[in-house]
file my_file_12.csv (CSV, C-alpha atoms and all ligand atoms)
chain,number,residue,atom,x,y,z
A,156,MET,CA,-93.3,16.4,-98.0
A,157,ASN,CA,-92.9,20.2,-98.3
A,158,ILE,CA,-95.3,22.8,-97.0
A,159,PRO,CA,-96.9,24.4,-100.0
A,160,GLU,CA,-96.9,28.2,-100.6
A,161,LYS,CA,-100.4,28.1,-102.0
A,162,HIS,CA,-103.3,25.7,-101.3
A,163,VAL,CA,-106.2,25.4,-103.7
A,164,PHE,CA,-109.4,24.1,-102.3
A,165,VAL,CA,-112.0,22.9,-104.8
A,166,CYS,CA,-115.5,22.2,-103.5
A,167,ILE,CA,-116.5,18.6,-104.3
A,168,ALA,CA,-119.7,18.6,-102.2
A,169,ASN,CA,-122.7,16.7,-103.5
A,170,ARG,CA,-125.9,18.1,-101.9
A,171,PRO,CA,-129.2,16.4,-102.4
A,172,PRO,CA,-130.7,17.7,-105.7
A,173,VAL,CA,-133.8,19.0,-103.9
A,174,THR,CA,-131.5,21.5,-102.1
A,175,GLY,CA,-130.2,23.1,-105.3
A,176,ALA,CA,-126.9,23.1,-107.2
A,177,SER,CA,-123.7,21.6,-105.9
A,178,CYS,CA,-120.2,21.7,-107.1
A,179,GLY,CA,-119.7,17.9,-107.0
A,180,ALA,CA,-122.7,17.3,-109.2
A,181,GLY,CA,-121.5,20.1,-111.5
A,182,GLY,CA,-118.2,18.3,-112.3
A,183,SER,CA,-115.7,19.6,-109.8
A,184,ARG,CA,-113.7,16.4,-109.9
A,185,GLU,CA,-112.7,17.2,-113.4
A,186,VAL,CA,-111.6,20.7,-112.3
A,187,ILE,CA,-109.3,19.0,-109.7
A,188,ASP,CA,-107.9,16.6,-112.3
A,189,ARG,CA,-107.2,19.4,-114.7
A,190,LEU,CA,-105.6,21.5,-112.0
A,191,GLN,CA,-103.2,18.7,-111.1
A,192,PHE,CA,-102.4,17.9,-114.7
A,193,ALA,CA,-101.8,21.6,-115.5
A,194,LEU,CA,-99.5,21.9,-112.6
A,195,LEU,CA,-97.5,18.9,-113.7
A,196,GLU,CA,-97.5,20.2,-117.3
A,197,HIS,CA,-96.3,23.6,-116.2
A,198,GLY,CA,-93.4,21.9,-114.5
A,199,GLY,CA,-90.7,23.7,-112.5
A,200,PRO,CA,-91.2,24.6,-108.9
A,201,LEU,CA,-94.9,25.2,-109.2
A,202,VAL,CA,-95.7,21.5,-108.6
A,203,GLU,CA,-93.9,21.8,-105.2
A,204,LYS,CA,-95.4,25.2,-104.3
A,205,VAL,CA,-99.1,24.5,-105.0
A,206,ARG,CA,-101.3,21.9,-103.4
A,207,VAL,CA,-104.8,21.0,-104.6
A,208,SER,CA,-107.4,19.5,-102.4
A,209,GLY,CA,-111.1,18.7,-102.6
A,210,CYS,CA,-113.2,20.1,-99.8
A,211,THR,CA,-116.7,20.2,-98.6
A,212,CYS,CA,-119.2,23.0,-99.2
A,213,LEU,CA,-117.6,26.5,-99.4
A,214,GLY,CA,-121.0,28.2,-99.1
A,215,PRO,CA,-122.0,29.9,-102.3
A,216,CYS,CA,-123.4,26.7,-103.9
A,217,GLU,CA,-125.4,28.4,-106.6
A,218,GLN,CA,-122.2,30.0,-107.9
A,219,GLY,CA,-120.4,26.8,-108.3
A,220,ILE,CA,-118.1,25.3,-109.2
A,221,ASN,CA,-116.4,27.2,-106.4
A,222,MET,CA,-112.7,27.2,-105.3
A,223,VAL,CA,-110.5,29.3,-103.1
A,224,VAL,CA,-106.7,29.9,-103.2
A,225,TYR,CA,-105.0,30.4,-99.8
A,226,PRO,CA,-103.2,32.3,-98.4
A,227,ASP,CA,-104.3,34.7,-101.1
A,228,ASN,CA,-107.9,34.5,-100.0
A,229,VAL,CA,-109.0,34.6,-103.7
A,230,TRP,CA,-112.3,32.9,-104.3
A,231,TYR,CA,-113.4,31.8,-107.8
A,232,ARG,CA,-116.9,31.0,-108.9
A,233,LYS,CA,-118.5,29.3,-112.0
A,234,VAL,CA,-115.2,27.6,-112.7
A,235,THR,CA,-115.2,25.1,-115.6
A,236,PRO,CA,-112.5,22.7,-116.6
A,237,ASP,CA,-111.7,25.0,-119.5
A,238,ASP,CA,-110.8,27.8,-117.1
A,239,VAL,CA,-108.1,25.8,-115.3
A,240,ALA,CA,-105.2,26.5,-117.6
A,241,GLU,CA,-105.8,30.3,-117.2
A,242,ILE,CA,-105.9,30.1,-113.4
A,243,VAL,CA,-102.7,28.1,-113.3
A,244,GLN,CA,-100.8,30.4,-115.7
A,245,SER,CA,-102.1,33.7,-114.5
A,246,HIS,CA,-102.7,33.3,-110.8
A,247,LEU,CA,-100.7,30.3,-109.6
A,248,ALA,CA,-97.6,30.9,-111.8
A,249,ALA,CA,-97.6,34.6,-112.3
A,250,GLY,CA,-99.5,35.8,-109.2
A,251,VAL,CA,-102.3,37.6,-111.1
A,252,PRO,CA,-105.8,36.5,-110.1
A,253,VAL,CA,-108.3,35.9,-113.0
A,254,GLU,CA,-110.7,38.7,-112.3
A,255,ARG,CA,-113.5,37.5,-114.5
A,256,LEU,CA,-113.9,34.4,-112.3
A,257,ARG,CA,-113.5,36.1,-108.9
A,258,PHE,CA,-116.2,35.8,-106.3
A,259,THR,CA,-116.3,38.7,-104.0
A,260,GLY,CA,-119.4,37.8,-102.0
A,261,ASP,CA,-121.5,40.5,-103.7
A,262,VAL,CA,-124.1,38.3,-105.3
B,1,LIG,S1,-121.8,22.7,-103.0
B,1,LIG,FE1,-120.0,23.8,-103.6
B,1,LIG,S2,-120.1,25.6,-102.5
B,1,LIG,FE2,-121.8,24.4,-101.7
call {"tool": "encode", "arguments": {"input": "my_file_12.csv", "output": "structure tokens", "more": "lines below"}}
Ligand code: FES
result
Amino acid sequence: MNIPEKHVFVCIANRPPVTGASCGAGGSREVIDRLQFALLEHGGPLVEKVRVSGCTCLGPCEQGINMVVYPDNVWYRKVTPDDVAEIVQSHLAAGVPVERLRFTGDV
């Protein structure tokens, strides 16, 4: 196993409904599936350079589905499965974060 250059953490937490929104309940497993499929589909070294993991709550639950890319420290909010291809092509493959989805902590 190689050490990846980038590691994508997608929140898969399921909080009790009475506490508000959570990424797991919002469908984050599908985001992970699409990420892994898109990396495979992209082919080349990207599959070896990027790792995708589910994680527990990242904090801004009401902004979910949330994910973060390290070591870039780029946070994404309100990610849907349909956004995944753009994140892979623009950020993970070309190094340009998808600005419209960025979470900067200002909400
Ligand atoms: S449940 Fe995903 S950030 Fe809290």
call {"tool": "residues_around", "arguments": {"input": "my_file_12.csv", "residues": "A:Pro200", "least_positions_apart": "3", "cutoff": "12 Å", "atoms": "all atoms listed in the file", "output": "list of chain:residue names"}}
result
A:Asn157, A:Pro159, A:Glu160, A:Leu194, A:Leu195, A:Glu196, A:His197, A:Glu203, A:Lys204, A:Val205, A:Arg206, A:Leu247, A:Ala248
call {"tool": "write_last_selection", "arguments": {"input": "my_file_12.csv", "atoms": "C-alpha atoms", "output": "CSV table (one decimal), in the coordinates of the input"}}
result
chain,number,residue,atom,x,y,z
A,157,ASN,CA,-92.9,20.2,-98.3
A,159,PRO,CA,-96.9,24.4,-100.0
A,160,GLU,CA,-96.9,28.2,-100.6
A,194,LEU,CA,-99.5,21.9,-112.6
A,195,LEU,CA,-97.5,18.9,-113.7
A,196,GLU,CA,-97.5,20.2,-117.3
A,197,HIS,CA,-96.3,23.6,-116.2
A,203,GLU,CA,-93.9,21.8,-105.2
A,204,LYS,CA,-95.4,25.2,-104.3
A,205,VAL,CA,-99.1,24.5,-105.0
A,206,ARG,CA,-101.3,21.9,-103.4
A,247,LEU,CA,-100.7,30.3,-109.6
A,248,ALA,CA,-97.6,30.9,-111.8
call {"tool": "atom_distance", "arguments": {"input": "my_file_12.csv", "atom1": "atom CA of A:Arg184", "atom2": "atom CA of A:Ile167"}}
result
6.6 Å
call {"tool": "residues_near_ligand", "arguments": {"input": "my_file_12.csv", "ligand": "ligand LIG 1 (chain B)", "cutoff": "8 Å", "atoms": "all atoms listed in the file", "output": "list in words"}}
result
Cys166, Ile167, Ala168, Asn169, Arg170, Ala176, Ser177, Cys178, Gly179, Thr211, Cys212, Leu213, Gly214, Pro215, Cys216, Glu217, Gln218, Gly219, Ile220 and Asn221 of chain A
call {"tool": "atom_distance", "arguments": {"input": "my_file_12.csv", "atom1": "atom CA of A:Asp188", "atom2": "atom CA of A:Pro236"}}
result
8.8 Å
call {"tool": "axis_aligned_box", "arguments": {"input": "my_file_12.csv", "around": "stretch 157-160 of chain A", "padding_each_side": "3 Å", "output": "AutoDock Vina command-line options"}}
result
--center_x -94.9 --center_y 24.2 --center_z -98.8 --size_x 10.0 --size_y 14.0 --size_z 9.6
call {"tool": "residues_around", "arguments": {"input": "my_file_12.csv", "residues": "A:Phe258", "least_positions_apart": "2", "cutoff": "7 Å", "atoms": "all atoms listed in the file", "output": "list in words"}}
result
Trp230, Tyr231, Arg232, Leu256 and Gly260 of chain A
call {"tool": "write_last_selection", "arguments": {"input": "my_file_12.csv", "atoms": "C-alpha atoms", "output": "PDB file, in the frame of the given file"}}
result
ATOM      1  CA  TRP A 230    -112.300  32.900-104.300  1.00  0.00           C
ATOM      2  CA  TYR A 231    -113.400  31.800-107.800  1.00  0.00           C
ATOM      3  CA  ARG A 232    -116.900  31.000-108.900  1.00  0.00           C
ATOM      4  CA  LEU A 256    -113.900  34.400-112.300  1.00  0.00           C
ATOM      5  CA  GLY A 260    -119.400  37.800-102.000  1.00  0.00           C
TER       6      GLY A 260
END
call {"tool": "closest_residue", "arguments": {"input": "my_file_12.csv", "among": "A:Val234, A:Ala180, A:Val165, A:Val207", "to": "A:Ala193", "atoms": "all atoms listed in the file"}}
result
A:Val207
call {"tool": "closest_residue", "arguments": {"input": "my_file_12.csv", "among": "A:Val163, A:Ile187, A:Ile242, A:Val223", "to": "A:Thr259", "atoms": "all atoms listed in the file"}}
result
A:Val223
call {"tool": "closest_residue", "arguments": {"input": "my_file_12.csv", "among": "A:Val224, A:Val239, A:Val173, A:Gln244", "to": "A:Gly198", "atoms": "all atoms listed in the file"}}
result
A:Gln244
call {"tool": "closest_residue", "arguments": {"input": "my_file_12.csv", "among": "A:Ala240, A:Ser245, A:Pro252, A:Thr235", "to": "A:Glu185", "atoms": "all atoms listed in the file"}}
result
A:Thr235
call {"tool": "atom_distance", "arguments": {"input": "my_file_12.csv", "atom1": "atom CA of A:Phe164", "atom2": "atom CA of A:Ser208"}}
result
5.0 Å
call {"tool": "closest_residue", "arguments": {"input": "my_file_12.csv", "among": "A:Ser183, A:Phe192, A:Val202, A:Lys161", "to": "A:Gly250", "atoms": "only C-alpha atoms"}}
result
A:Lys161
call {"tool": "closest_residue", "arguments": {"input": "my_file_12.csv", "among": "A:His162, A:Ala249, A:Gly199, A:Cys210", "to": "A:Val229", "atoms": "all atoms listed in the file"}}
result
A:His162
call {"tool": "decode", "arguments": {"input": "my_file_12.csv", "residues": "stretch 165-204 of chain A", "atoms": "N, CA and C atoms", "output": "compact mmCIF listing (two decimals), in the first residue's frame"}}
result
# COMPACT_ATOMS: atom_id res chain seq x y z
N VAL A 165 -15.01 12.12 3.91
CA VAL A 165 -16.42 12.45 3.72
C VAL A 165 -17.16 12.08 5.00
N CYS A 166 -17.89 13.03 5.54
CA CYS A 166 -18.64 12.76 6.78
C CYS A 166 -19.76 11.75 6.50
N ILE A 167 -19.79 10.70 7.30
CA ILE A 167 -20.87 9.71 7.17
C ILE A 167 -21.66 9.60 8.47
N ALA A 168 -21.52 10.61 9.31
CA ALA A 168 -22.19 10.57 10.62
C ALA A 168 -23.69 10.59 10.47
N ASN A 169 -24.34 9.84 11.34
CA ASN A 169 -25.79 9.83 11.44
C ASN A 169 -26.17 10.30 12.83
N ARG A 170 -26.54 11.55 12.94
CA ARG A 170 -26.97 12.07 14.23
C ARG A 170 -28.46 11.76 14.43
N PRO A 171 -28.89 11.70 15.68
CA PRO A 171 -30.34 11.51 15.89
C PRO A 171 -31.11 12.64 15.23
N PRO A 172 -32.23 12.33 14.55
CA PRO A 172 -32.97 13.36 13.81
C PRO A 172 -33.33 14.58 14.65
N VAL A 173 -33.56 14.40 15.94
CA VAL A 173 -33.95 15.55 16.77
C VAL A 173 -32.82 16.55 16.92
N THR A 174 -31.60 16.17 16.60
CA THR A 174 -30.48 17.10 16.74
C THR A 174 -30.21 17.87 15.46
N GLY A 175 -30.96 17.59 14.40
CA GLY A 175 -30.78 18.34 13.16
C GLY A 175 -30.24 17.47 12.04
N ALA A 176 -29.74 18.12 11.01
CA ALA A 176 -29.28 17.43 9.82
C ALA A 176 -28.00 16.65 10.09
N SER A 177 -27.79 15.62 9.30
CA SER A 177 -26.51 14.91 9.35
C SER A 177 -26.18 14.39 7.96
N CYS A 178 -24.91 14.30 7.70
CA CYS A 178 -24.44 13.94 6.36
C CYS A 178 -24.80 12.51 5.99
N GLY A 179 -24.73 11.62 6.96
CA GLY A 179 -25.06 10.22 6.68
C GLY A 179 -26.50 10.09 6.21
N ALA A 180 -27.40 10.75 6.92
CA ALA A 180 -28.82 10.71 6.56
C ALA A 180 -29.06 11.42 5.23
N GLY A 181 -28.16 12.34 4.89
CA GLY A 181 -28.32 13.08 3.64
C GLY A 181 -27.76 12.37 2.42
N GLY A 182 -27.20 11.18 2.61
CA GLY A 182 -26.76 10.39 1.46
C GLY A 182 -25.26 10.42 1.18
N SER A 183 -24.46 10.63 2.21
CA SER A 183 -23.02 10.75 1.96
C SER A 183 -22.36 9.45 1.49
N ARG A 184 -22.98 8.34 1.79
CA ARG A 184 -22.41 7.07 1.27
C ARG A 184 -22.39 7.07 -0.25
N GLU A 185 -23.39 7.65 -0.85
CA GLU A 185 -23.41 7.71 -2.32
C GLU A 185 -22.30 8.62 -2.82
N VAL A 186 -22.00 9.70 -2.08
CA VAL A 186 -20.90 10.58 -2.46
C VAL A 186 -19.59 9.79 -2.45
N ILE A 187 -19.39 8.98 -1.42
CA ILE A 187 -18.17 8.16 -1.35
C ILE A 187 -18.13 7.18 -2.52
N ASP A 188 -19.23 6.51 -2.79
CA ASP A 188 -19.26 5.55 -3.90
C ASP A 188 -18.93 6.24 -5.22
N ARG A 189 -19.51 7.41 -5.43
CA ARG A 189 -19.26 8.14 -6.68
C ARG A 189 -17.80 8.60 -6.77
N LEU A 190 -17.24 9.04 -5.63
CA LEU A 190 -15.83 9.44 -5.62
C LEU A 190 -14.93 8.27 -6.03
N GLN A 191 -15.16 7.14 -5.42
CA GLN A 191 -14.31 5.99 -5.71
C GLN A 191 -14.47 5.55 -7.17
N PHE A 192 -15.69 5.58 -7.65
CA PHE A 192 -15.92 5.21 -9.05
C PHE A 192 -15.28 6.22 -10.00
N ALA A 193 -15.41 7.51 -9.68
CA ALA A 193 -14.84 8.55 -10.54
C ALA A 193 -13.31 8.47 -10.58
N LEU A 194 -12.70 8.13 -9.46
CA LEU A 194 -11.25 7.98 -9.44
C LEU A 194 -10.82 6.80 -10.32
N LEU A 195 -11.54 5.71 -10.21
CA LEU A 195 -11.24 4.55 -11.05
C LEU A 195 -11.44 4.89 -12.52
N GLU A 196 -12.54 5.58 -12.80
CA GLU A 196 -12.87 5.93 -14.17
C GLU A 196 -11.83 6.89 -14.75
N HIS A 197 -11.33 7.80 -13.92
CA HIS A 197 -10.31 8.75 -14.38
C HIS A 197 -9.05 8.01 -14.79
N GLY A 198 -8.75 6.96 -14.03
CA GLY A 198 -7.59 6.13 -14.36
C GLY A 198 -6.28 6.83 -14.07
N GLY A 199 -5.21 6.27 -14.60
CA GLY A 199 -3.89 6.84 -14.39
C GLY A 199 -3.47 6.80 -12.94
N PRO A 200 -2.55 7.68 -12.57
CA PRO A 200 -2.00 7.65 -11.22
C PRO A 200 -2.94 8.18 -10.15
N LEU A 201 -4.04 8.79 -10.56
CA LEU A 201 -4.94 9.40 -9.58
C LEU A 201 -5.46 8.39 -8.56
N VAL A 202 -5.71 7.19 -9.01
CA VAL A 202 -6.22 6.15 -8.12
C VAL A 202 -5.23 5.86 -7.00
N GLU A 203 -3.95 5.93 -7.33
CA GLU A 203 -2.92 5.67 -6.32
C GLU A 203 -2.64 6.89 -5.46
N LYS A 204 -2.90 8.07 -5.98
CA LYS A 204 -2.54 9.31 -5.29
C LYS A 204 -3.60 9.80 -4.32
